[in-house]
Structures are given as C-alpha cells and as structure tokens.
$ cat upload09.tsv   # TSV, C-alpha atoms (C1' of nucleotides)
chain	number	residue	atom	x	y	z
A	1	MET	CA	77.59	85.70	107.72
A	2	THR	CA	75.66	87.41	110.46
A	3	GLU	CA	77.56	90.60	109.64
A	4	ARG	CA	75.53	93.62	108.71
A	5	ILE	CA	75.64	94.83	105.14
A	6	SER	CA	75.98	98.56	104.63
A	7	GLU	CA	73.85	100.55	102.23
A	8	ALA	CA	76.51	100.84	99.55
A	9	GLU	CA	77.22	97.15	99.88
A	10	TRP	CA	73.54	96.42	99.49
A	11	GLN	CA	73.57	98.07	96.08
A	12	VAL	CA	76.32	95.72	95.03
A	13	MET	CA	74.46	92.71	96.39
A	14	GLU	CA	71.42	93.76	94.39
A	15	VAL	CA	73.20	93.33	91.08
A	16	LEU	CA	74.69	90.05	92.18
A	17	TRP	CA	71.28	88.76	93.18
A	18	ARG	CA	69.86	89.88	89.87
A	19	GLN	CA	72.69	88.96	87.53
A	20	GLY	CA	74.21	85.95	89.19
A	21	PRO	CA	78.01	85.55	89.32
A	22	LEU	CA	79.80	88.57	87.92
A	23	THR	CA	83.31	89.88	87.64
A	24	ALA	CA	84.15	93.12	89.39
A	25	GLN	CA	84.25	94.75	85.98
A	26	ALA	CA	80.78	93.55	85.03
A	27	ALA	CA	79.38	94.51	88.40
A	28	ALA	CA	80.80	98.00	87.97
A	29	VAL	CA	79.11	98.31	84.59
A	30	GLU	CA	75.87	97.22	86.15
A	31	LEU	CA	76.36	99.82	88.85
A	32	ALA	CA	77.17	102.65	86.49
A	33	GLY	CA	74.20	104.58	87.78
A	34	MET	CA	75.81	104.93	91.18
A	35	GLY	CA	78.62	107.11	89.88
A	36	TRP	CA	81.29	104.98	91.49
A	37	THR	CA	84.70	104.26	90.10
A	38	LEU	CA	85.78	100.70	89.46
A	39	ALA	CA	88.04	100.95	92.50
A	40	THR	CA	85.07	101.65	94.72
A	41	VAL	CA	83.16	98.67	93.44
A	42	LYS	CA	86.18	96.48	94.00
A	43	THR	CA	86.50	97.66	97.56
A	44	LEU	CA	82.86	96.92	98.24
A	45	LEU	CA	83.19	93.47	96.72
A	46	SER	CA	86.25	92.76	98.86
A	47	ARG	CA	84.47	93.84	101.97
A	48	LEU	CA	81.50	91.68	101.10
A	49	ALA	CA	83.81	88.75	100.49
A	50	ALA	CA	85.57	89.42	103.79
A	51	LYS	CA	82.31	89.25	105.66
A	52	GLY	CA	81.25	86.13	103.83
A	53	ALA	CA	78.31	87.64	102.01
A	54	VAL	CA	79.68	86.77	98.59
A	55	SER	CA	81.85	83.95	97.35
A	56	THR	CA	84.77	84.31	94.99
A	57	THR	CA	85.48	81.73	92.33
A	58	GLU	CA	88.63	82.03	90.31
A	59	ASP	CA	87.97	82.42	86.63
A	60	GLY	CA	91.36	82.61	85.05
A	61	ARG	CA	93.06	85.61	86.47
A	62	ARG	CA	90.01	87.17	88.03
A	63	PHE	CA	87.15	86.36	90.32
A	64	LEU	CA	83.54	85.67	89.79
A	65	TYR	CA	81.60	87.08	92.70
A	66	ALA	CA	78.39	85.36	93.66
A	67	PRO	CA	76.00	86.05	96.50
A	68	VAL	CA	76.15	83.63	99.38
A	69	VAL	CA	73.43	85.06	101.54
A	70	ALA	CA	69.86	85.12	100.31
A	71	ARG	CA	68.26	88.45	99.62
A	72	GLY	CA	65.24	87.46	101.65
A	73	ASP	CA	67.32	86.68	104.68
A	74	ILE	CA	68.93	90.08	104.71
A	75	ALA	CA	65.66	91.81	103.98
A	76	ALA	CA	64.03	89.91	106.82
A	77	GLY	CA	66.73	90.91	109.23
A	78	GLU	CA	66.62	94.55	108.29
A	79	SER	CA	62.83	94.68	108.34
A	80	ARG	CA	62.79	93.10	111.73
A	81	ARG	CA	65.32	95.55	113.07
A	82	LEU	CA	63.33	98.49	111.78
A	83	VAL	CA	60.01	97.24	113.01
A	84	ASP	CA	61.51	96.45	116.40
A	85	ARG	CA	63.18	99.77	116.73
A	86	LEU	CA	60.47	102.02	115.39
A	87	PHE	CA	57.26	100.21	116.04
A	88	GLY	CA	57.84	98.09	119.08
A	89	GLY	CA	58.14	94.95	116.99
A	90	ARG	CA	54.64	95.05	115.58
A	91	ALA	CA	54.00	95.35	111.87
A	92	THR	CA	50.55	96.86	112.08
A	93	PRO	CA	51.73	100.22	113.32
A	94	LEU	CA	54.15	100.31	110.45
A	95	VAL	CA	51.41	99.76	107.94
A	96	ALA	CA	49.15	102.19	109.74
A	97	HIS	CA	51.94	104.66	109.70
A	98	LEU	CA	52.57	104.32	105.99
A	99	ALA	CA	48.88	104.65	105.37
A	100	GLU	CA	48.57	107.72	107.53
A	101	ARG	CA	51.35	109.37	105.65
A	102	GLY	CA	49.68	108.70	102.36
A	103	GLU	CA	52.42	106.31	101.40
A	104	LEU	CA	49.91	103.71	100.32
A	105	SER	CA	48.10	104.02	97.02
A	106	SER	CA	44.66	102.51	96.64
A	107	ALA	CA	46.32	99.83	94.56
A	108	ASP	CA	48.56	99.08	97.50
A	109	ILE	CA	45.56	98.86	99.75
A	110	ALA	CA	43.78	96.51	97.39
A	111	GLU	CA	46.87	94.40	97.23
A	112	LEU	CA	47.15	94.33	100.98
A	113	GLU	CA	43.53	93.36	101.26
A	114	ALA	CA	44.06	90.41	98.98
A	115	LEU	CA	47.12	89.45	100.95
A	116	ILE	CA	45.25	89.57	104.23
A	117	ARG	CA	42.48	87.44	102.83
A	118	GLU	CA	45.07	84.94	101.82
A	119	LEU	CA	46.78	85.03	105.17
A	120	LYS	CA	43.55	84.27	106.92
A	121	GLN	CA	43.17	80.87	105.30
B	1	MET	CA	67.11	118.90	111.07
B	2	THR	CA	67.24	116.67	108.04
B	3	GLU	CA	70.24	114.94	109.59
B	4	ARG	CA	69.98	111.24	110.15
B	5	ILE	CA	69.71	109.98	113.69
B	6	SER	CA	71.86	107.01	114.59
B	7	GLU	CA	70.60	103.96	116.43
B	8	ALA	CA	72.08	104.93	119.76
B	9	GLU	CA	70.73	108.43	119.34
B	10	TRP	CA	67.32	107.00	118.58
B	11	GLN	CA	67.27	105.34	122.00
B	12	VAL	CA	67.87	108.69	123.59
B	13	MET	CA	65.16	110.31	121.51
B	14	GLU	CA	62.77	107.60	122.65
B	15	VAL	CA	62.99	108.63	126.26
B	16	LEU	CA	62.69	112.28	125.36
B	17	TRP	CA	59.58	111.58	123.32
B	18	ARG	CA	58.14	109.59	126.17
B	19	GLN	CA	59.19	111.67	129.15
B	20	GLY	CA	59.21	115.17	127.73
B	21	PRO	CA	62.03	117.58	128.65
B	22	LEU	CA	64.68	115.91	130.75
B	23	THR	CA	68.08	116.71	132.16
B	24	ALA	CA	71.01	114.61	131.00
B	25	GLN	CA	70.98	112.99	134.40
B	26	ALA	CA	67.34	112.02	134.20
B	27	ALA	CA	67.72	110.76	130.67
B	28	ALA	CA	70.62	108.58	131.78
B	29	VAL	CA	68.50	107.09	134.55
B	30	GLU	CA	65.79	106.38	132.05
B	31	LEU	CA	68.38	104.71	129.83
B	32	ALA	CA	69.87	102.59	132.56
B	33	GLY	CA	68.97	99.47	130.64
B	34	MET	CA	71.40	100.35	127.87
B	35	GLY	CA	74.42	99.96	130.09
B	36	TRP	CA	75.82	103.34	129.17
B	37	THR	CA	77.70	105.67	131.45
B	38	LEU	CA	76.41	109.16	132.05
B	39	ALA	CA	79.23	110.45	129.86
B	40	THR	CA	77.92	108.47	126.92
B	41	VAL	CA	74.41	109.79	127.33
B	42	LYS	CA	75.77	113.32	127.49
B	43	THR	CA	77.69	112.83	124.28
B	44	LEU	CA	74.61	111.54	122.53
B	45	LEU	CA	72.55	114.46	123.78
B	46	SER	CA	75.19	116.90	122.56
B	47	ARG	CA	75.26	115.32	119.16
B	48	LEU	CA	71.49	115.43	118.96
B	49	ALA	CA	71.55	119.09	119.95
B	50	ALA	CA	74.25	119.77	117.36
B	51	LYS	CA	72.11	118.29	114.64
B	52	GLY	CA	69.07	120.18	115.81
B	53	ALA	CA	67.05	117.15	116.83
B	54	VAL	CA	66.67	118.31	120.41
B	55	SER	CA	66.48	121.73	121.97
B	56	THR	CA	68.30	122.81	125.10
B	57	THR	CA	66.72	125.11	127.61
B	58	GLU	CA	68.78	126.39	130.47
B	59	ASP	CA	67.42	125.40	133.82
B	60	GLY	CA	69.75	126.92	136.33
B	61	ARG	CA	73.12	125.41	135.71
B	62	ARG	CA	71.96	122.62	133.48
B	63	PHE	CA	69.95	121.98	130.39
B	64	LEU	CA	66.58	120.55	129.80
B	65	TYR	CA	66.66	118.58	126.61
B	66	ALA	CA	63.47	118.35	124.61
B	67	PRO	CA	62.78	116.71	121.28
B	68	VAL	CA	62.40	119.09	118.37
B	69	VAL	CA	61.66	116.59	115.65
B	70	ALA	CA	58.53	114.48	115.81
B	71	ARG	CA	58.88	110.79	116.31
B	72	GLY	CA	56.52	110.15	113.44
B	73	ASP	CA	58.61	112.19	111.05
B	74	ILE	CA	61.73	110.24	111.78
B	75	ALA	CA	59.89	106.95	111.69
B	76	ALA	CA	58.37	107.90	108.36
B	77	GLY	CA	61.74	108.72	106.89
B	78	GLU	CA	63.34	105.54	108.09
B	79	SER	CA	60.44	103.37	106.99
B	80	ARG	CA	60.52	104.96	103.59
B	81	ARG	CA	64.22	104.40	103.23
B	82	LEU	CA	63.88	100.76	104.15
B	83	VAL	CA	60.90	100.12	101.94
B	84	ASP	CA	62.61	101.87	99.04
B	85	ARG	CA	65.83	100.01	99.50
B	86	LEU	CA	64.50	96.56	100.20
B	87	PHE	CA	61.16	96.38	98.52
B	88	GLY	CA	61.32	98.73	95.59
B	89	GLY	CA	59.30	101.34	97.38
B	90	ARG	CA	56.17	99.29	97.82
B	91	ALA	CA	54.80	98.40	101.22
B	92	THR	CA	52.90	95.31	100.20
B	93	PRO	CA	55.98	93.19	99.60
B	94	LEU	CA	57.18	94.18	103.04
B	95	VAL	CA	54.00	92.99	104.67
B	96	ALA	CA	53.99	89.88	102.51
B	97	HIS	CA	57.54	89.30	103.52
B	98	LEU	CA	56.82	89.62	107.22
B	99	ALA	CA	53.87	87.31	106.81
B	100	GLU	CA	55.87	84.74	104.89
B	101	ARG	CA	58.44	84.67	107.61
B	102	GLY	CA	55.83	84.08	110.22
B	103	GLU	CA	56.50	87.45	111.74
B	104	LEU	CA	52.79	88.20	111.91
B	105	SER	CA	50.61	86.68	114.58
B	106	SER	CA	46.98	86.07	113.89
B	107	ALA	CA	46.26	89.03	116.13
B	108	ASP	CA	48.45	91.12	113.85
B	109	ILE	CA	46.56	89.88	110.86
B	110	ALA	CA	43.23	90.69	112.43
B	111	GLU	CA	44.51	94.11	113.26
B	112	LEU	CA	45.72	94.64	109.75
B	113	GLU	CA	42.39	93.51	108.41
B	114	ALA	CA	40.61	96.09	110.49
B	115	LEU	CA	43.04	98.71	109.38
B	116	ILE	CA	42.55	97.88	105.73
B	117	ARG	CA	38.80	98.03	106.12
B	118	GLU	CA	39.22	101.46	107.59
B	119	LEU	CA	41.57	102.58	104.86
B	120	LYS	CA	39.04	101.60	102.26
B	121	GLN	CA	36.48	104.11	103.42
C	1	DG	C1'	110.29	90.63	74.54
C	2	DT	C1'	108.46	94.73	76.06
C	3	DA	C1'	104.85	98.30	76.88
C	4	DG	C1'	100.53	98.72	78.18
C	5	DT	C1'	96.44	96.82	80.48
C	6	DA	C1'	93.65	94.57	83.69
C	7	DC	C1'	93.45	91.98	88.36
C	8	DG	C1'	93.12	91.65	93.22
C	9	DA	C1'	95.42	93.44	97.40
C	10	DT	C1'	96.64	97.03	100.18
C	11	DG	C1'	96.72	101.63	101.80
C	12	DA	C1'	94.41	106.10	102.43
C	13	DC	C1'	91.53	109.31	104.41
C	14	DA	C1'	87.53	111.85	105.99
C	15	DG	C1'	83.20	111.55	108.30
C	16	DA	C1'	79.91	108.94	111.30
C	17	DT	C1'	79.25	106.16	115.30
C	18	DG	C1'	79.74	103.93	119.85
C	19	DT	C1'	81.66	104.60	124.02
C	20	DA	C1'	83.94	107.07	127.41
C	21	DA	C1'	87.50	110.05	130.28
C	22	DT	C1'	88.78	114.50	131.50
C	23	DC	C1'	88.46	119.56	132.20
C	24	DG	C1'	87.06	124.07	133.75
C	25	DA	C1'	83.47	126.25	136.00
C	26	DT	C1'	80.01	126.40	139.34
C	27	DT	C1'	77.36	125.34	143.20
C	28	DC	C1'	76.30	123.08	147.56
C	29	DG	C1'	77.04	120.97	151.88
C	30	DA	C1'	79.75	121.03	156.01
D	1	DT	C1'	85.39	128.77	153.13
D	2	DC	C1'	86.74	124.80	151.09
D	3	DG	C1'	86.32	120.36	149.26
D	4	DA	C1'	82.97	117.41	146.83
D	5	DA	C1'	79.66	116.94	143.46
D	6	DT	C1'	77.83	118.15	139.14
D	7	DC	C1'	77.29	120.64	134.63
D	8	DG	C1'	78.27	121.09	129.81
D	9	DA	C1'	82.36	121.18	126.75
D	10	DT	C1'	86.29	119.17	124.95
D	11	DT	C1'	89.13	115.45	123.74
D	12	DA	C1'	89.86	110.60	122.71
D	13	DC	C1'	89.88	106.59	120.22
D	14	DA	C1'	88.55	102.38	117.81
D	15	DT	C1'	85.47	100.78	114.27
D	16	DC	C1'	82.57	101.28	110.23
D	17	DT	C1'	81.50	103.47	105.90
D	18	DG	C1'	82.06	105.80	101.55
D	19	DT	C1'	85.19	106.71	98.25
D	20	DC	C1'	89.26	106.20	95.80
D	21	DA	C1'	94.57	105.72	94.45
D	22	DT	C1'	98.43	102.93	94.19
D	23	DC	C1'	101.09	98.65	93.91
D	24	DG	C1'	102.79	94.30	92.45
D	25	DT	C1'	101.81	90.92	89.28
D	26	DA	C1'	100.34	88.66	85.41
D	27	DC	C1'	98.61	88.65	80.72
D	28	DT	C1'	98.05	90.68	75.86
D	29	DA	C1'	99.13	92.83	71.76
D	30	DC	C1'	102.47	94.20	69.05
$ encode --input "upload09.tsv" --output "structure tokens"
Amino acid sequence: MTERISEAEWQVMEVLWRQGPLTAQAAAVELAGMGWTLATVKTLLSRLAAKGAVSTTEDGRRFLYAPVVARGDIAAGESRRLVDRLFGGRATPLVAHLAERGELSSADIAELEALIRELKQ
Amino acid sequence: MTERISEAEWQVMEVLWRQGPLTAQAAAVELAGMGWTLATVKTLLSRLAAKGAVSTTEDGRRFLYAPVVARGDIAAGESRRLVDRLFGGRATPLVAHLAERGELSSADIAELEALIRELKQ
DNA sequence: GTAGTACGATGACAGATGTAATCGATTCGA
DNA sequence: TCGAATCGATTACATCTGTCATCGTACTAC
C-alpha cells in the first residue's frame, strides 16, 4: 500500500478513479488514447493488484478492478516528494517558480488569491 | 540534455549546483550523508556526463565536474510534469491540495500572500 | 461437442536505476 | 624504483518499468 505507483500505472488508476470498478477490457477501452495493447493494460492492472493499489472482485470469469488507495493520498505523497526534493520542502518556492516561468495565468493567480484569502480565516 | 535526471542523480547535481566544479572525490565527501561509496558517486557522475547534464574538464589526472543544465530548468520540467499528471496542469489545485493536507504553515501562507500581491502588479 | 474467443497468469525482454567491485593506467611517496 | 594510492572506465547485477506475447483454461456459439 505504501508502494510507489509508476507513471503508466497512474494512468490506469486515473480511469479507475473516474469510472469506478472496471474489467480489464473496459479499462483498456478507456485507455485507448495511450496506444497500449490489452495485454499491456492487463499487466499494469496485475502489478497494481500485486502492490495492493487496486482490489479484484470476481465477476463471473473475470475481475472487476477497483481502486483501493485514494487519489488524494497518492497525489499528496508525490507532491510532497517533489516539493521536498526540488524546493527544500517549502511550497512557496514552487509557486514562485511556476510564476516566474510564466506557468501561471492571471486566472490562476486570481484563483490562488481567493484560496489564500480562504486559508487565512 | 533533454534526458531525465534520476533521483540519485539529482542529489549529485545538488552538490554541483551548490559547490561549483568538483572532483568526484570532493563530490563524494559532500554526499557523505547519502551513505554511498565513492564508486557509486563516480557512476552517477559518469551517467550525468553521458547524458550531458554535467561537463568534465581535465584537471591533471582527474576531472572537474560542473553542472551544464540549470537547476531551475530541471525543477521547472519536473514541476510541470507533476502538475500535469496529478492536477490537470493547473497549479492552484496543487496549492489547494497542500493546504488541505496541512502542508502549509501560516508562514507559508503569508509568504504566498506576499507573492501573489507581487504577481498581481 | 468442438472451434473459436476471452480471461487471468506467466514469461519475456530491453532500458533505466541504484549500488558497487574491479581494472588498467598513472602518479606519488619512500 | 617500486609499491601504494588514485583516476576514470568497464563490468556487474538486482530491481523497476514499459511493453507485449503466449499459455492454460473456461465459456460461447454453432
């Protein structure tokens, strides 16, 4: 459960988080954009099951795969890792960095402003 | 130069960014905290040189290794990747997420507020 | 009932990564 | 001058990742 999830695996998790329990087949359809074969999707699902990130429920002859870990938990972990590694654990430099690089639109900035106001309560 | 830099390699880059050109020996001393042998540090430096992330300048019988890529460029790329992957490319949800998880101290929030004010000019 | 089809399981394989030992050449100290 | 120390280079090797093929089995449609 504390296992890392690779980037390809993350894509698979995404559809499970969005679409709830799915068969491998259905997941593959949902992942058509990735250009993977069904075999590849099955491998990724197996690996996710092996590391306890998804559960398998028998549904006749096949499995329904459902996410076990919450998206937010993984996202939190990965964000933390990045912020620790790249910005000494502080979020402000990250935001400053994104801003500096023009990665923030004025809409983003407005949104952030509202968020900050909210956080200050 | 567009090659990714692994996590272990990043640690090596850190000392090069901080300490300027260094010999493998000196870098290893600087990285003592990682619990790596000198051999490991040398391997990482070679790999970084192979992918063009550091330059090697002969200094007598050994090399001085210096960073070629800017820290900010790598950080930007990695941040972007993470934000794209986890938050649909928008920074606000990342900040909101960190806030939600209590990852932001009130000092952080104050800092962010100041930053936002600045960004609005 | 048998030929195809659809499952999950298992095996494959190359490239990246973490971690390190060893090697051939050189230099330096005694 | 000769052995020790030190370089970078080469080799090693297990694990992880991306990507997929194959296999044994069970069902489905004729």
$ interface_residues --input "upload09.tsv" --of "chain B" --to "chain D" --cutoff "12 Å" --atoms "all atoms listed in the file" --output "VMD selection string"
chain B and resid 23 to 25 38 to 39 42 to 43 45 to 47 56 58 to 64
$ interface_residues --input "upload09.tsv" --of "chain C" --to "chain A" --cutoff "12 Å" --atoms "all atoms listed in the file" --output "VMD selection string"
chain C and resid 6 to 11
$ closest_residue --input "upload09.tsv" --among "A:Val69, A:Leu44, A:Leu86, A:Ala50" --to "chain B" --atoms "all atoms listed in the file"
A:Leu86
$ closest_atom_pairs --input "upload09.tsv" --of "chain B" --to "chain A" --cutoff "12 Å" --atoms "all atoms listed in the file" --output "Markdown table"
| residue | atom | partner | partner_atom | distance |
| --- | --- | --- | --- | --- |
| B:Ser6 | CA | A:Arg85 | CA | 11.5 |
| B:Glu7 | CA | A:Arg85 | CA | 8.5 |
| B:Ala8 | CA | A:Arg85 | CA | 10.7 |
| B:Glu9 | CA | A:Arg85 | CA | 11.8 |
| B:Trp10 | CA | A:Arg85 | CA | 8.5 |
| B:Gln11 | CA | A:Arg85 | CA | 8.7 |
| B:Met13 | CA | A:Leu86 | CA | 11.3 |
| B:Glu14 | CA | A:Leu86 | CA | 9.4 |
| B:Arg71 | CA | A:Leu86 | CA | 9.0 |
| B:Gly72 | CA | A:His97 | CA | 8.1 |
| B:Asp73 | CA | A:Arg101 | CA | 9.5 |
| B:Ile74 | CA | A:Leu86 | CA | 9.1 |
| B:Ala75 | CA | A:Leu86 | CA | 6.2 |
| B:Ala76 | CA | A:Leu98 | CA | 7.2 |
| B:Gly77 | CA | A:Leu98 | CA | 10.2 |
| B:Glu78 | CA | A:Leu82 | CA | 8.0 |
| B:Ser79 | CA | A:Leu82 | CA | 7.4 |
| B:Arg80 | CA | A:Leu98 | CA | 8.3 |
| B:Arg81 | CA | A:Glu7 | CA | 10.4 |
| B:Leu82 | CA | A:Ser79 | CA | 7.5 |
| B:Val83 | CA | A:Ser79 | CA | 8.6 |
| B:Asp84 | CA | A:Glu103 | CA | 11.4 |
| B:Arg85 | CA | A:Glu7 | CA | 8.5 |
| B:Leu86 | CA | A:Ala75 | CA | 6.2 |
| B:Phe87 | CA | A:Ala75 | CA | 8.4 |
| B:Gly88 | CA | A:Glu14 | CA | 11.3 |
| B:Gly89 | CA | A:Glu103 | CA | 9.4 |
| B:Arg90 | CA | A:Asp108 | CA | 7.6 |
| B:Ala91 | CA | A:Leu104 | CA | 7.3 |
| B:Thr92 | CA | A:Leu112 | CA | 5.9 |
| B:Pro93 | CA | A:Leu112 | CA | 9.0 |
| B:Leu94 | CA | A:Ser79 | CA | 7.8 |
| B:Val95 | CA | A:Ala91 | CA | 7.6 |
| B:Ala96 | CA | A:Leu115 | CA | 7.1 |
| B:His97 | CA | A:Ala76 | CA | 7.3 |
| B:Leu98 | CA | A:Ala76 | CA | 7.2 |
| B:Ala99 | CA | A:Leu119 | CA | 7.6 |
| B:Glu100 | CA | A:Leu119 | CA | 9.1 |
| B:Arg101 | CA | A:Ala76 | CA | 7.7 |
| B:Gly102 | CA | A:Leu119 | CA | 10.4 |
| B:Glu103 | CA | A:Ala91 | CA | 8.3 |
| B:Leu104 | CA | A:Ala91 | CA | 7.3 |
| B:Ser105 | CA | A:Arg90 | CA | 9.3 |
| B:Ser106 | CA | A:Lys120 | CA | 8.0 |
| B:Ala107 | CA | A:Thr92 | CA | 9.8 |
| B:Asp108 | CA | A:Thr92 | CA | 6.4 |
| B:Ile109 | CA | A:Ile116 | CA | 6.8 |
| B:Ala110 | CA | A:Lys120 | CA | 8.5 |
| B:Glu111 | CA | A:Thr92 | CA | 6.7 |
| B:Leu112 | CA | A:Thr92 | CA | 5.8 |
| B:Glu113 | CA | A:Ile116 | CA | 6.4 |
| B:Ala114 | CA | A:Glu113 | CA | 10.1 |
| B:Leu115 | CA | A:Ala96 | CA | 7.0 |
| B:Ile116 | CA | A:Glu113 | CA | 6.4 |
| B:Arg117 | CA | A:Glu113 | CA | 8.2 |
| B:Glu118 | CA | A:Ala96 | CA | 10.2 |
| B:Leu119 | CA | A:Ile109 | CA | 7.5 |
| B:Lys120 | CA | A:Ile109 | CA | 7.5 |
| B:Gln121 | CA | A:Ser106 | CA | 10.7 |
$ calpha_fit_and_write --input "upload09.tsv" --fixed "chain A" --moving "chain B" --output "short mmCIF file (atom, residue, chain, number, x, y, z; two decimals) with C-alpha atoms, in the frame of the given file"
data_model
loop_
_atom_site.label_atom_id
_atom_site.label_comp_id
_atom_site.auth_asym_id
_atom_site.auth_seq_id
_atom_site.Cartn_x
_atom_site.Cartn_y
_atom_site.Cartn_z
CA MET B 1 77.70 85.72 107.70
CA THR B 2 75.74 87.40 110.44
CA GLU B 3 77.62 90.60 109.66
CA ARG B 4 75.57 93.60 108.73
CA ILE B 5 75.67 94.81 105.16
CA SER B 6 76.01 98.53 104.65
CA GLU B 7 73.88 100.56 102.28
CA ALA B 8 76.51 100.83 99.60
CA GLU B 9 77.22 97.14 99.92
CA TRP B 10 73.53 96.42 99.56
CA GLN B 11 73.56 98.07 96.14
CA VAL B 12 76.30 95.73 95.07
CA MET B 13 74.44 92.73 96.44
CA GLU B 14 71.40 93.79 94.44
CA VAL B 15 73.15 93.36 91.14
CA LEU B 16 74.64 90.07 92.23
CA TRP B 17 71.22 88.79 93.25
CA ARG B 18 69.81 89.92 89.95
CA GLN B 19 72.60 89.00 87.57
CA GLY B 20 74.12 85.96 89.24
CA PRO B 21 77.91 85.56 89.36
CA LEU B 22 79.70 88.57 87.95
CA THR B 23 83.22 89.86 87.63
CA ALA B 24 84.08 93.11 89.38
CA GLN B 25 84.13 94.73 85.98
CA ALA B 26 80.67 93.55 85.07
CA ALA B 27 79.29 94.51 88.44
CA ALA B 28 80.72 98.00 88.01
CA VAL B 29 79.01 98.33 84.64
CA GLU B 30 75.78 97.25 86.20
CA LEU B 31 76.30 99.86 88.91
CA ALA B 32 77.10 102.67 86.54
CA GLY B 33 74.16 104.63 87.85
CA MET B 34 75.78 104.98 91.26
CA GLY B 35 78.58 107.13 89.95
CA TRP B 36 81.26 104.98 91.52
CA THR B 37 84.66 104.25 90.07
CA LEU B 38 85.70 100.68 89.43
CA ALA B 39 88.01 100.94 92.43
CA THR B 40 85.07 101.64 94.70
CA VAL B 41 83.12 98.67 93.43
CA LYS B 42 86.16 96.47 93.96
CA THR B 43 86.51 97.65 97.53
CA LEU B 44 82.88 96.91 98.23
CA LEU B 45 83.18 93.46 96.70
CA SER B 46 86.25 92.74 98.82
CA ARG B 47 84.49 93.82 101.95
CA LEU B 48 81.51 91.66 101.09
CA ALA B 49 83.82 88.72 100.48
CA ALA B 50 85.60 89.40 103.77
CA LYS B 51 82.34 89.24 105.64
CA GLY B 52 81.28 86.11 103.83
CA ALA B 53 78.33 87.64 102.03
CA VAL B 54 79.66 86.76 98.60
CA SER B 55 81.81 83.93 97.35
CA THR B 56 84.71 84.28 94.96
CA THR B 57 85.42 81.72 92.31
CA GLU B 58 88.55 82.00 90.27
CA ASP B 59 87.88 82.38 86.60
CA GLY B 60 91.25 82.58 84.99
CA ARG B 61 92.93 85.62 86.40
CA ARG B 62 89.87 87.13 87.96
CA PHE B 63 87.06 86.32 90.30
CA LEU B 64 83.45 85.64 89.79
CA TYR B 65 81.55 87.06 92.69
CA ALA B 66 78.33 85.35 93.69
CA PRO B 67 75.96 86.07 96.54
CA VAL B 68 76.13 83.63 99.42
CA VAL B 69 73.42 85.08 101.59
CA ALA B 70 69.85 85.17 100.38
CA ARG B 71 68.27 88.48 99.68
CA GLY B 72 65.24 87.50 101.71
CA ASP B 73 67.33 86.72 104.76
CA ILE B 74 68.95 90.10 104.77
CA ALA B 75 65.68 91.85 104.05
CA ALA B 76 64.06 89.95 106.89
CA GLY B 77 66.76 90.97 109.31
CA GLU B 78 66.64 94.59 108.34
CA SER B 79 62.86 94.74 108.39
CA ARG B 80 62.82 93.17 111.80
CA ARG B 81 65.35 95.61 113.14
CA LEU B 82 63.37 98.55 111.85
CA VAL B 83 60.04 97.28 113.07
CA ASP B 84 61.52 96.50 116.48
CA ARG B 85 63.20 99.84 116.78
CA LEU B 86 60.47 102.06 115.44
CA PHE B 87 57.25 100.26 116.09
CA GLY B 88 57.83 98.14 119.14
CA GLY B 89 58.15 95.01 117.09
CA ARG B 90 54.68 95.07 115.61
CA ALA B 91 54.07 95.35 111.90
CA THR B 92 50.61 96.82 112.07
CA PRO B 93 51.73 100.21 113.33
CA LEU B 94 54.18 100.33 110.47
CA VAL B 95 51.48 99.74 107.91
CA ALA B 96 49.18 102.15 109.71
CA HIS B 97 51.96 104.64 109.69
CA LEU B 98 52.60 104.30 105.98
CA ALA B 99 48.90 104.59 105.34
CA GLU B 100 48.55 107.67 107.52
CA ARG B 101 51.31 109.35 105.64
CA GLY B 102 49.66 108.65 102.36
CA GLU B 103 52.45 106.32 101.38
CA LEU B 104 49.96 103.70 100.24
CA SER B 105 48.16 104.01 96.95
CA SER B 106 44.77 102.49 96.53
CA ALA B 107 46.43 99.82 94.44
CA ASP B 108 48.65 99.07 97.42
CA ILE B 109 45.64 98.83 99.64
CA ALA B 110 43.89 96.48 97.27
CA GLU B 111 46.99 94.38 97.13
CA LEU B 112 47.25 94.30 100.87
CA GLU B 113 43.62 93.32 101.12
CA ALA B 114 44.19 90.38 98.85
CA LEU B 115 47.23 89.41 100.82
CA ILE B 116 45.36 89.53 104.10
CA ARG B 117 42.58 87.40 102.68
CA GLU B 118 45.19 84.89 101.69
CA LEU B 119 46.89 85.00 105.06
CA LYS B 120 43.62 84.22 106.75
CA GLN B 121 43.28 80.84 105.13
#
$ atom_distance --input "upload09.tsv" --atom1 "atom CA of B:Glu3" --atom2 "atom CA of B:Ala28"
23.1 Å
$ axis_aligned_box --input "upload09.tsv" --around "stretch 103-113 of chain B" --padding-each-side "3 Å" --output "JSON"
{"center_x": 49.4, "center_y": 90.4, "center_z": 112.3, "size_x": 20.1, "size_y": 14.6, "size_z": 13.7}
$ residues_near_point --input "upload09.tsv" --point "(78.9, 101.5, 94.1)" --cutoff "7 Å" --atoms "all atoms listed in the file" --output "VMD selection string"
chain A and resid 8 11 to 12 31 34 36 40 to 41
$ atom_distance --input "upload09.tsv" --atom1 "atom CA of A:Ala66" --atom2 "atom CA of A:Trp17"
7.9 Å
$ atom_distance --input "upload09.tsv" --atom1 "atom CA of A:Gln19" --atom2 "atom CA of A:Val68"
13.4 Å
$ closest_residue --input "upload09.tsv" --among "B:Ala32, B:Ala27, B:Ala70, B:Leu22" --to "B:Thr57" --atoms "all atoms listed in the file"
B:Leu22
